[in-house]
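Coordinates from structure.cif are shown below (mmCIF, C-alpha atoms).
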data_start
#
loop_
_atom_site.group_PDB
_atom_site.id
_atom_site.type_symbol
_atom_site.label_atom_id
_atom_site.label_comp_id
_atom_site.auth_asym_id
_atom_site.auth_seq_id
_atom_site.Cartn_x
_atom_site.Cartn_y
_atom_site.Cartn_z
ATOM 1 C CA MET A 77 0.000 0.000 0.000
ATOM 2 C CA LEU A 78 2.818 2.390 0.874
ATOM 3 C CA LEU A 79 4.483 1.632 -2.464
ATOM 4 C CA ASP A 80 1.248 2.310 -4.347
ATOM 5 C CA VAL A 81 1.173 5.807 -2.861
ATOM 6 C CA ALA A 82 4.915 6.517 -2.894
ATOM 7 C CA LEU A 83 5.431 5.603 -6.565
ATOM 8 C CA PRO A 84 3.027 8.137 -8.130
ATOM 9 C CA LEU A 85 4.012 10.795 -5.581
ATOM 10 C CA SER A 86 7.687 10.283 -6.416
ATOM 11 C CA LEU A 87 6.987 10.585 -10.135
ATOM 12 C CA ALA A 88 4.884 13.673 -9.480
ATOM 13 C CA PHE A 89 7.830 15.311 -7.690
ATOM 14 C CA ILE A 90 10.182 14.355 -10.533
ATOM 15 C CA MET A 91 7.815 15.996 -13.010
ATOM 16 C CA PHE A 92 7.468 19.000 -10.679
ATOM 17 C CA SER A 93 11.259 19.372 -10.791
ATOM 18 C CA LEU A 94 11.064 19.497 -14.582
ATOM 19 C CA GLY A 95 8.546 22.340 -14.512
ATOM 20 C CA TYR A 96 10.553 24.048 -11.752
ATOM 21 C CA GLY A 97 13.464 24.415 -14.159
ATOM 22 C CA LEU A 98 11.307 25.906 -16.914
ATOM 23 C CA THR A 99 10.145 29.375 -17.857
ATOM 24 C CA PHE A 100 7.302 30.219 -20.208
ATOM 25 C CA ALA A 101 9.971 31.445 -22.640
ATOM 26 C CA ASP A 102 11.291 27.881 -22.937
ATOM 27 C CA PHE A 103 8.059 26.797 -24.594
ATOM 28 C CA GLY A 104 8.490 29.627 -27.066
ATOM 29 C CA ARG A 105 11.624 27.899 -28.328
ATOM 30 C CA VAL A 106 9.371 25.374 -30.045
ATOM 31 C CA LEU A 107 8.427 28.194 -32.418
ATOM 32 C CA ALA A 108 11.842 29.862 -32.354
ATOM 33 C CA VAL A 109 13.651 26.722 -33.569
ATOM 34 C CA PRO A 110 10.808 24.847 -35.289
ATOM 35 C CA LYS A 111 12.953 22.404 -37.251
ATOM 36 C CA ALA A 112 14.848 21.106 -34.243
ATOM 37 C CA ALA A 113 11.799 21.032 -31.983
ATOM 38 C CA LEU A 114 9.519 19.377 -34.548
ATOM 39 C CA ALA A 115 12.168 16.789 -35.429
ATOM 40 C CA GLY A 116 12.680 15.977 -31.768
ATOM 41 C CA MET A 117 8.955 15.564 -31.122
ATOM 42 C CA VAL A 118 8.366 13.332 -34.163
ATOM 43 C CA LEU A 119 11.400 11.195 -33.353
ATOM 44 C CA GLN A 120 10.301 10.673 -29.746
ATOM 45 C CA ILE A 121 6.611 10.105 -30.326
ATOM 46 C CA VAL A 122 6.767 8.101 -33.570
ATOM 47 C CA VAL A 123 10.246 6.761 -34.292
ATOM 48 C CA VAL A 124 11.247 5.516 -30.816
ATOM 49 C CA PRO A 125 8.182 3.227 -30.505
ATOM 50 C CA LEU A 126 8.689 2.038 -34.100
ATOM 51 C CA VAL A 127 12.323 1.104 -33.445
ATOM 52 C CA ALA A 128 11.310 -0.691 -30.249
ATOM 53 C CA TYR A 129 8.606 -2.635 -32.097
ATOM 54 C CA LEU A 130 11.057 -3.680 -34.821
ATOM 55 C CA GLY A 131 13.609 -4.664 -32.177
ATOM 56 C CA LEU A 132 11.073 -6.930 -30.486
ATOM 57 C CA GLN A 133 10.689 -8.838 -33.749
ATOM 58 C CA LEU A 134 14.342 -9.844 -33.454
ATOM 59 C CA PHE A 135 14.364 -10.828 -29.762
ATOM 60 C CA ASP A 136 12.305 -13.570 -28.147
ATOM 61 C CA LEU A 137 10.743 -12.050 -25.037
ATOM 62 C CA PRO A 138 7.763 -13.225 -22.999
ATOM 63 C CA PRO A 139 4.629 -11.223 -23.947
ATOM 64 C CA ALA A 140 4.514 -9.327 -20.625
ATOM 65 C CA LEU A 141 8.116 -8.126 -20.942
ATOM 66 C CA ALA A 142 7.660 -7.251 -24.629
ATOM 67 C CA PHE A 143 4.659 -5.165 -23.609
ATOM 68 C CA GLY A 144 6.816 -3.538 -20.936
ATOM 69 C CA VAL A 145 9.424 -2.586 -23.546
ATOM 70 C CA MET A 146 6.732 -0.864 -25.589
ATOM 71 C CA ILE A 147 5.454 1.010 -22.516
ATOM 72 C CA LEU A 148 8.998 2.296 -22.010
ATOM 73 C CA ALA A 149 9.239 3.329 -25.676
ATOM 74 C CA PHE A 150 6.034 5.357 -25.419
ATOM 75 C CA CYS A 151 7.481 7.479 -22.606
ATOM 76 C CA PRO A 152 9.159 10.829 -23.270
ATOM 77 C CA GLY A 153 12.624 11.794 -22.126
ATOM 78 C CA GLY A 154 12.913 12.753 -18.480
ATOM 79 C CA VAL A 155 14.910 15.084 -16.285
ATOM 80 C CA THR A 156 17.850 12.716 -16.826
ATOM 81 C CA SER A 157 17.982 13.576 -20.527
ATOM 82 C CA ASN A 158 18.303 17.259 -19.644
ATOM 83 C CA ILE A 159 21.236 16.554 -17.319
ATOM 84 C CA LEU A 160 23.027 14.322 -19.838
ATOM 85 C CA THR A 161 22.449 16.874 -22.613
ATOM 86 C CA LYS A 162 24.124 19.525 -20.472
ATOM 87 C CA LEU A 163 27.090 17.253 -19.703
ATOM 88 C CA ALA A 164 27.465 16.382 -23.389
ATOM 89 C CA GLY A 165 27.484 20.013 -24.494
ATOM 90 C CA GLY A 166 24.045 19.892 -26.116
ATOM 91 C CA THR A 167 21.409 22.627 -26.220
ATOM 92 C CA VAL A 168 19.886 22.424 -22.749
ATOM 93 C CA ALA A 169 17.024 24.821 -23.526
ATOM 94 C CA LEU A 170 15.961 22.636 -26.472
ATOM 95 C CA SER A 171 16.239 19.495 -24.333
ATOM 96 C CA ILE A 172 14.089 20.966 -21.568
ATOM 97 C CA THR A 173 11.525 22.201 -24.077
ATOM 98 C CA LEU A 174 11.303 18.829 -25.845
ATOM 99 C CA THR A 175 11.011 16.959 -22.562
ATOM 100 C CA ALA A 176 8.281 19.286 -21.325
ATOM 101 C CA VAL A 177 6.249 19.400 -24.541
ATOM 102 C CA VAL A 178 6.442 15.649 -25.214
ATOM 103 C CA SER A 179 5.656 14.947 -21.540
ATOM 104 C CA LEU A 180 2.507 17.057 -21.842
ATOM 105 C CA LEU A 181 1.559 15.362 -25.127
ATOM 106 C CA SER A 182 2.155 11.938 -23.554
ATOM 107 C CA VAL A 183 -1.080 12.351 -21.608
ATOM 108 C CA LEU A 184 -2.805 11.891 -24.977
ATOM 109 C CA THR A 185 -0.393 9.570 -26.793
ATOM 110 C CA VAL A 186 0.626 7.066 -24.107
ATOM 111 C CA PRO A 187 -2.830 5.752 -23.089
ATOM 112 C CA VAL A 188 -3.826 5.169 -26.729
ATOM 113 C CA LEU A 189 -0.536 3.498 -27.666
ATOM 114 C CA VAL A 190 -0.585 1.369 -24.517
ATOM 115 C CA GLY A 191 -4.042 0.102 -25.483
ATOM 116 C CA TRP A 192 -2.740 -0.885 -28.929
ATOM 117 C CA ALA A 193 0.380 -2.556 -27.523
ATOM 118 C CA ALA A 194 -1.636 -4.580 -25.004
ATOM 119 C CA LYS A 195 -3.755 -6.081 -27.767
ATOM 120 C CA THR A 196 -0.703 -6.645 -29.965
ATOM 121 C CA PHE A 197 1.588 -8.324 -27.439
ATOM 122 C CA LEU A 198 -0.750 -9.747 -24.809
ATOM 123 C CA GLY A 199 -3.556 -10.763 -27.162
ATOM 124 C CA ASP A 200 -6.375 -12.627 -25.463
ATOM 125 C CA GLY A 201 -4.476 -12.416 -22.191
ATOM 126 C CA ALA A 202 -4.827 -8.656 -22.100
ATOM 127 C CA GLU A 203 -7.293 -7.247 -19.649
ATOM 128 C CA THR A 204 -9.475 -4.383 -20.795
ATOM 129 C CA ILE A 205 -7.440 -1.221 -20.444
ATOM 130 C CA ASN A 206 -9.269 1.899 -19.353
ATOM 131 C CA VAL A 207 -7.561 4.444 -21.585
ATOM 132 C CA THR A 208 -9.493 7.342 -20.048
ATOM 133 C CA ALA A 209 -8.495 6.347 -16.508
ATOM 134 C CA ILE A 210 -4.822 6.122 -17.496
ATOM 135 C CA ALA A 211 -5.018 9.518 -19.210
ATOM 136 C CA VAL A 212 -6.596 11.113 -16.143
ATOM 137 C CA SER A 213 -4.016 9.520 -13.834
ATOM 138 C CA MET A 214 -1.145 10.622 -16.057
ATOM 139 C CA PHE A 215 -2.541 14.142 -16.188
ATOM 140 C CA ALA A 216 -2.636 14.224 -12.390
ATOM 141 C CA ILE A 217 0.896 12.892 -11.837
ATOM 142 C CA THR A 218 2.714 14.406 -14.828
ATOM 143 C CA THR A 219 0.996 17.454 -16.342
ATOM 144 C CA VAL A 220 -0.270 19.063 -13.137
ATOM 145 C CA PRO A 221 3.132 18.888 -11.361
ATOM 146 C CA VAL A 222 4.930 20.302 -14.436
ATOM 147 C CA LEU A 223 2.492 23.217 -14.618
ATOM 148 C CA LEU A 224 2.715 23.754 -10.850
ATOM 149 C CA GLY A 225 6.518 23.897 -11.007
ATOM 150 C CA LEU A 226 6.332 26.269 -13.967
ATOM 151 C CA LEU A 227 3.899 28.510 -12.099
ATOM 152 C CA ILE A 228 6.055 28.669 -8.964
ATOM 153 C CA ARG A 229 9.080 29.499 -11.127
ATOM 154 C CA PHE A 230 7.078 32.312 -12.721
ATOM 155 C CA LEU A 231 5.741 33.747 -9.439
ATOM 156 C CA ALA A 232 8.941 33.383 -7.379
ATOM 157 C CA GLU A 233 11.763 33.210 -9.891
ATOM 158 C CA ASP A 234 14.562 34.239 -7.521
ATOM 159 C CA PHE A 235 13.558 31.629 -4.954
ATOM 160 C CA ALA A 236 13.194 29.002 -7.679
ATOM 161 C CA ARG A 237 16.668 29.721 -9.031
ATOM 162 C CA ARG A 238 18.202 29.392 -5.568
ATOM 163 C CA SER A 239 16.432 26.127 -4.794
ATOM 164 C CA GLU A 240 16.486 24.565 -8.286
ATOM 165 C CA ALA A 241 19.622 22.490 -7.629
ATOM 166 C CA LEU A 242 18.146 21.053 -4.428
ATOM 167 C CA VAL A 243 14.885 20.152 -6.143
ATOM 168 C CA SER A 244 16.772 18.512 -9.026
ATOM 169 C CA ASN A 245 18.926 16.483 -6.629
ATOM 170 C CA ILE A 246 15.862 15.246 -4.730
ATOM 171 C CA ALA A 247 14.249 14.262 -8.039
ATOM 172 C CA LEU A 248 17.363 12.326 -9.032
ATOM 173 C CA VAL A 249 17.369 10.439 -5.721
ATOM 174 C CA LEU A 250 13.679 9.592 -6.128
ATOM 175 C CA PHE A 251 14.371 8.308 -9.648
ATOM 176 C CA VAL A 252 17.042 5.961 -8.290
ATOM 177 C CA VAL A 253 14.682 4.793 -5.525
ATOM 178 C CA ILE A 254 11.925 4.030 -8.057
ATOM 179 C CA VAL A 255 14.279 1.973 -10.235
ATOM 180 C CA VAL A 256 15.694 0.064 -7.261
ATOM 181 C CA ALA A 257 12.198 -0.617 -5.896
ATOM 182 C CA ALA A 258 11.025 -1.927 -9.269
ATOM 183 C CA LEU A 259 14.000 -4.262 -9.553
ATOM 184 C CA ALA A 260 13.738 -5.440 -5.948
ATOM 185 C CA THR A 261 10.032 -6.170 -6.285
ATOM 186 C CA ASN A 262 10.607 -8.276 -9.398
ATOM 187 C CA TRP A 263 14.115 -9.547 -8.625
ATOM 188 C CA GLY A 264 13.380 -13.154 -9.573
ATOM 189 C CA LEU A 265 11.876 -12.072 -12.882
ATOM 190 C CA PHE A 266 14.820 -9.730 -13.460
ATOM 191 C CA VAL A 267 17.429 -12.464 -12.897
ATOM 192 C CA GLU A 268 15.465 -14.886 -15.049
ATOM 193 C CA ASN A 269 15.218 -12.509 -18.013
ATOM 194 C CA ILE A 270 18.234 -10.190 -17.820
ATOM 195 C CA ALA A 271 20.126 -12.303 -20.361
ATOM 196 C CA ARG A 272 17.316 -11.697 -22.851
ATOM 197 C CA LEU A 273 16.332 -8.195 -21.773
ATOM 198 C CA GLY A 274 19.839 -6.757 -21.485
ATOM 199 C CA PRO A 275 20.968 -7.183 -25.122
ATOM 200 C CA LEU A 276 17.689 -5.818 -26.489
ATOM 201 C CA LEU A 277 17.666 -2.752 -24.250
ATOM 202 C CA VAL A 278 21.344 -1.968 -24.821
ATOM 203 C CA ALA A 279 20.915 -2.392 -28.580
ATOM 204 C CA LEU A 280 17.759 -0.257 -28.537
ATOM 205 C CA ASN A 281 19.557 2.524 -26.673
ATOM 206 C CA ALA A 282 22.549 2.454 -29.028
ATOM 207 C CA VAL A 283 20.400 2.390 -32.178
ATOM 208 C CA LEU A 284 18.304 5.325 -30.956
ATOM 209 C CA LEU A 285 21.370 7.423 -30.158
ATOM 210 C CA VAL A 286 22.906 6.718 -33.580
ATOM 211 C CA LEU A 287 19.611 7.219 -35.405
ATOM 212 C CA GLY A 288 19.098 10.536 -33.648
ATOM 213 C CA MET A 289 22.604 11.572 -34.685
ATOM 214 C CA VAL A 290 22.027 10.542 -38.314
ATOM 215 C CA VAL A 291 18.641 12.269 -38.611
ATOM 216 C CA ALA A 292 20.023 15.438 -37.032
ATOM 217 C CA ARG A 293 22.857 15.529 -39.561
ATOM 218 C CA VAL A 294 20.534 14.798 -42.495
ATOM 219 C CA ILE A 295 18.158 17.654 -41.667
ATOM 220 C CA GLY A 296 21.037 20.034 -41.080
ATOM 221 C CA LEU A 297 21.153 20.166 -37.292
ATOM 222 C CA GLY A 298 24.689 20.307 -36.060
ATOM 223 C CA GLY A 299 26.606 20.953 -32.906
ATOM 224 C CA ALA A 300 24.658 21.332 -29.698
ATOM 225 C CA ASP A 301 21.205 20.843 -31.281
ATOM 226 C CA GLY A 302 22.248 17.550 -32.854
ATOM 227 C CA ILE A 303 23.624 16.268 -29.557
ATOM 228 C CA CYS A 304 20.368 17.195 -27.834
ATOM 229 C CA ILE A 305 18.177 15.399 -30.407
ATOM 230 C CA SER A 306 20.267 12.241 -30.155
ATOM 231 C CA ILE A 307 20.196 12.087 -26.354
ATOM 232 C CA GLU A 308 16.474 12.874 -26.219
ATOM 233 C CA MET A 309 15.898 9.819 -28.417
ATOM 234 C CA GLY A 310 18.072 7.480 -26.407
ATOM 235 C CA VAL A 311 17.056 8.471 -22.872
ATOM 236 C CA GLN A 312 13.527 7.612 -21.725
ATOM 237 C CA ASN A 313 11.635 8.523 -18.573
ATOM 238 C CA ALA A 314 12.006 5.134 -16.867
ATOM 239 C CA ALA A 315 10.163 6.344 -13.765
ATOM 240 C CA LEU A 316 7.123 7.168 -15.905
ATOM 241 C CA GLY A 317 7.389 3.766 -17.595
ATOM 242 C CA ILE A 318 7.298 2.016 -14.227
ATOM 243 C CA THR A 319 4.340 4.113 -13.103
ATOM 244 C CA VAL A 320 2.360 3.551 -16.308
ATOM 245 C CA ALA A 321 2.998 -0.202 -15.983
ATOM 246 C CA GLY A 322 1.423 -0.019 -12.529
ATOM 247 C CA LEU A 323 -1.573 1.917 -13.850
ATOM 248 C CA VAL A 324 -2.104 -0.697 -16.561
ATOM 249 C CA ALA A 325 -1.736 -3.710 -14.276
ATOM 250 C CA GLN A 326 -4.000 -2.243 -11.584
ATOM 251 C CA VAL A 327 -2.408 -4.414 -8.923
ATOM 252 C CA GLY A 328 -0.631 -3.581 -5.694
ATOM 253 C CA GLY A 329 3.090 -2.909 -5.922
ATOM 254 C CA ILE A 330 5.138 -2.864 -9.126
ATOM 255 C CA PRO A 331 4.141 -5.367 -11.863
ATOM 256 C CA GLU A 332 6.344 -7.340 -14.223
ATOM 257 C CA PHE A 333 5.436 -4.922 -17.035
ATOM 258 C CA ALA A 334 7.714 -2.471 -15.229
ATOM 259 C CA VAL A 335 10.864 -4.617 -15.377
ATOM 260 C CA PRO A 336 12.087 -3.381 -18.814
ATOM 261 C CA ALA A 337 11.757 0.260 -17.702
ATOM 262 C CA ALA A 338 13.608 -0.474 -14.458
ATOM 263 C CA VAL A 339 16.446 -2.245 -16.278
ATOM 264 C CA TYR A 340 16.624 0.541 -18.864
ATOM 265 C CA GLY A 341 16.879 3.036 -16.032
ATOM 266 C CA ILE A 342 20.309 1.505 -15.386
ATOM 267 C CA THR A 343 21.536 0.421 -18.835
ATOM 268 C CA MET A 344 20.782 3.794 -20.443
ATOM 269 C CA TYR A 345 23.622 5.311 -18.423
ATOM 270 C CA ILE A 346 25.992 2.521 -19.424
ATOM 271 C CA VAL A 347 25.265 3.182 -23.102
ATOM 272 C CA THR A 348 24.576 6.922 -23.203
ATOM 273 C CA ILE A 349 27.507 8.254 -21.161
ATOM 274 C CA PRO A 350 30.160 6.699 -23.452
ATOM 275 C CA GLY A 351 27.959 7.665 -26.402
ATOM 276 C CA MET A 352 28.155 11.295 -25.334
ATOM 277 C CA PHE A 353 31.841 11.377 -26.242
ATOM 278 C CA LEU A 354 31.060 10.038 -29.726
ATOM 279 C CA LEU A 355 28.340 12.640 -30.184
ATOM 280 C CA ARG A 356 30.683 15.469 -29.161
ATOM 281 C CA LYS A 357 33.304 14.211 -31.615
ATOM 282 C CA VAL A 358 30.851 13.825 -34.520
ATOM 283 C CA PHE A 359 29.037 17.124 -34.123
ATOM 284 C CA HIS A 360 31.868 19.389 -33.021
ATOM 285 C CA GLU A 361 34.145 18.183 -35.792
ATOM 286 C CA ALA A 362 31.415 18.531 -38.431
#

If you took the structure in this file and wrote it as structure tokens, what would it be?
Amino acid sequence: MLLDVALPLSLAFIMFSLGYGLTFADFGRVLAVPKAALAGMVLQIVVVPLVAYLGLQLFDLPPALAFGVMILAFCPGGVTSNILTKLAGGTVALSITLTAVVSLLSVLTVPVLVGWAAKTFLGDGAETINVTAIAVSMFAITTVPVLLGLLIRFLAEDFARRSEALVSNIALVLFVVIVVAALATNWGLFVENIARLGPLLVALNAVLLVLGMVVARVIGLGGADGICISIEMGVQNAALGITVAGLVAQVGGIPEFAVPAAVYGITMYIVTIPGMFLLRKVFHEA
């Protein structure tokens, strides 16, 4: 019972931290740099799930875990993508804007896509998914906290600037706690399937980073914008994936659907951090 309450509250705080680091001007960057912003949104909402679906055709996963991989792929980037973009020398403002906009759009896209994926991968074993209920829940634990953080930043900007680092650090700790809790709850399932899950998730991460890099170069995005697009593709909001899995399963605790997101919450660092050096080399030497 405690976990059922703590999980959505933790995600809500993580999303609050995202809004806390935003200003209304950040959303204006979607119009100011339309090519980069539009490319990033299309890649995250359309291409990431497509790549994940194609990857699942090559790897033999149990239906529940395959469904979990798709749930992960439907999720936007998170606060982590903003941090890694900054470390890699990417455009942080673009990263924050993409994360915020796609997170807000996910309230509409994720429930619908989850319903499709359940029928596709679980078949007759899929329980009826209440798309409206998931959308309402996601709105409450993702959109509302982002808007609340944005509002506080607007009304008390000086205070928000002073406390932003603290809020971000708390969000990062909560993210780690969510991932650890998901793995601990399903440890037997994790050990049983890591040999099959690991290669798929690592390959998925690497392919998304490279694909983001290639698309950015093709459409003429270089330097910091290209780095941002690539990282936004490769880094998913694992905490949201775990939470959505819980909303779908409608059971106490963290379900097996959440295992891929929890594992990805670890492997994405293993793949993305070394990948950052490649991205810097490719884009800054272009």

Exercise. What do you get, as number ranges by chain, if you spell out every residue that the PyMOL selection byres ((chain A and resi 161) around 12) selects here?
Worked result: A: 153-160, 162-172, 174-175, 299-311, 348-349, 351-353, 355-356

For this session: Quick one: pull the distance between CA of Val290 (chain A) and CA of Pro152 (chain A), Å, one decimal.
Result: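 So the answer is 19.8 Å.
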
Seminar exercise, completed: Correct to one decimal, the distance CA of Val267 (chain A)-CA of Val283 (chain A) is 24.5 Å

Exercise. Exactly which residues make up the result of the PyMOL selection byres ((chain A and resi 223) around 10) on this file, given as a ChimeraX atom specification?
Worked result: /A:91-92,94-96,98,176,180,218-222,224-229

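Distances to Leu126 (chain A) were evaluated for A:Ala101, A:Ser213, A:Ala193, A:Arg293 using only C-alpha atoms, and the minimum falls at A:Ala193.
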
For this session: Report the distance between CA of Gly191 (chain A) and CA of Ile205 (chain A) in Å, rounded to one decimal place.
Result: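 A separation of 6.2 Å between them.
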
For this session: Rank A:Val339, A:Ile121, A:Ala82, A:Val320 by their smallest atom-to-atom distance to Ala260 (chain A), using only C-alpha atoms, and report the top residue only.
Result: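 Using only C-alpha atoms, Ala260 (chain A) sits closest to A:Val339.
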
Exercise. Any chance you could work out the residue set of the PyMOL selection byres ((chain A and resi 182) around 10) here, as number ranges by chain?
Worked result: A: 121, 150-152, 176-181, 183-189, 211, 214-215, 218-219

Exercise. So, counting all atoms listed in the file, which residue among A:Val123, A:Leu141, A:Leu83, A:Leu242 is closest to Leu287 (chain A)?
Worked result: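 Smallest distance to Leu287 (chain A) is found for A:Val123.
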
For this session: Check the smallest atom-to-atom distance from each of A:Thr319, A:Ser93, A:Thr196, A:Asn269 to Tyr129 (chain A) using all atoms listed in the file, then report the winner.
Result: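 Checking each of A:Thr319, A:Ser93, A:Thr196, A:Asn269 against Tyr129 (chain A), counting all atoms listed in the file, the winner is A:Thr196.
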
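Among the candidates A:Gly298, A:Gly199, A:Gly341, A:Gly131, the residue lying nearest to Leu284 (chain A) is A:Gly131 (atoms considered: only C-alpha atoms).
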
Seminar exercise, completed: Between A:Val207, A:Leu198, A:Ala232, A:Ala315, smallest distance to Leu85 (chain A) by only C-alpha atoms belongs to A:Ala315

Exercise. Which protein, DNA or RNA residues are at most 8 Å from (12.3, -4.7, -26.5) in the file's coordinates when you count all atoms listed in the file, listed as a list in words?
Worked result: Ala128, Tyr129, Gly131, Leu132, Phe135, Leu137, Leu141, Ala142, Gly144, Val145, Met146, Leu273, Leu276, Leu277, Leu280 and Pro336 of chain A

Six-sided padding of 4 Å per side, axis-aligned box over region 259-269 of chain A, centre and edges in Å, one decimal, as AutoDock Vina command-line options:
--center_x 13.7 --center_y -9.6 --center_z -12.0 --size_x 15.4 --size_y 18.6 --size_z 20.1

Exercise. Do you know which residues are at most 8 Å from Ala321 (chain A) counting all atoms listed in the file, after dropping those on the same chain fewer than 2 positions away, and could you put them as a list in words?
Worked result: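 The residues satisfying every condition are Gly144, Ile147, Gly317, Ile318, Thr319, Leu323, Val324, Ala325, Ile330, Pro331, Phe333 and Ala334 of chain A.
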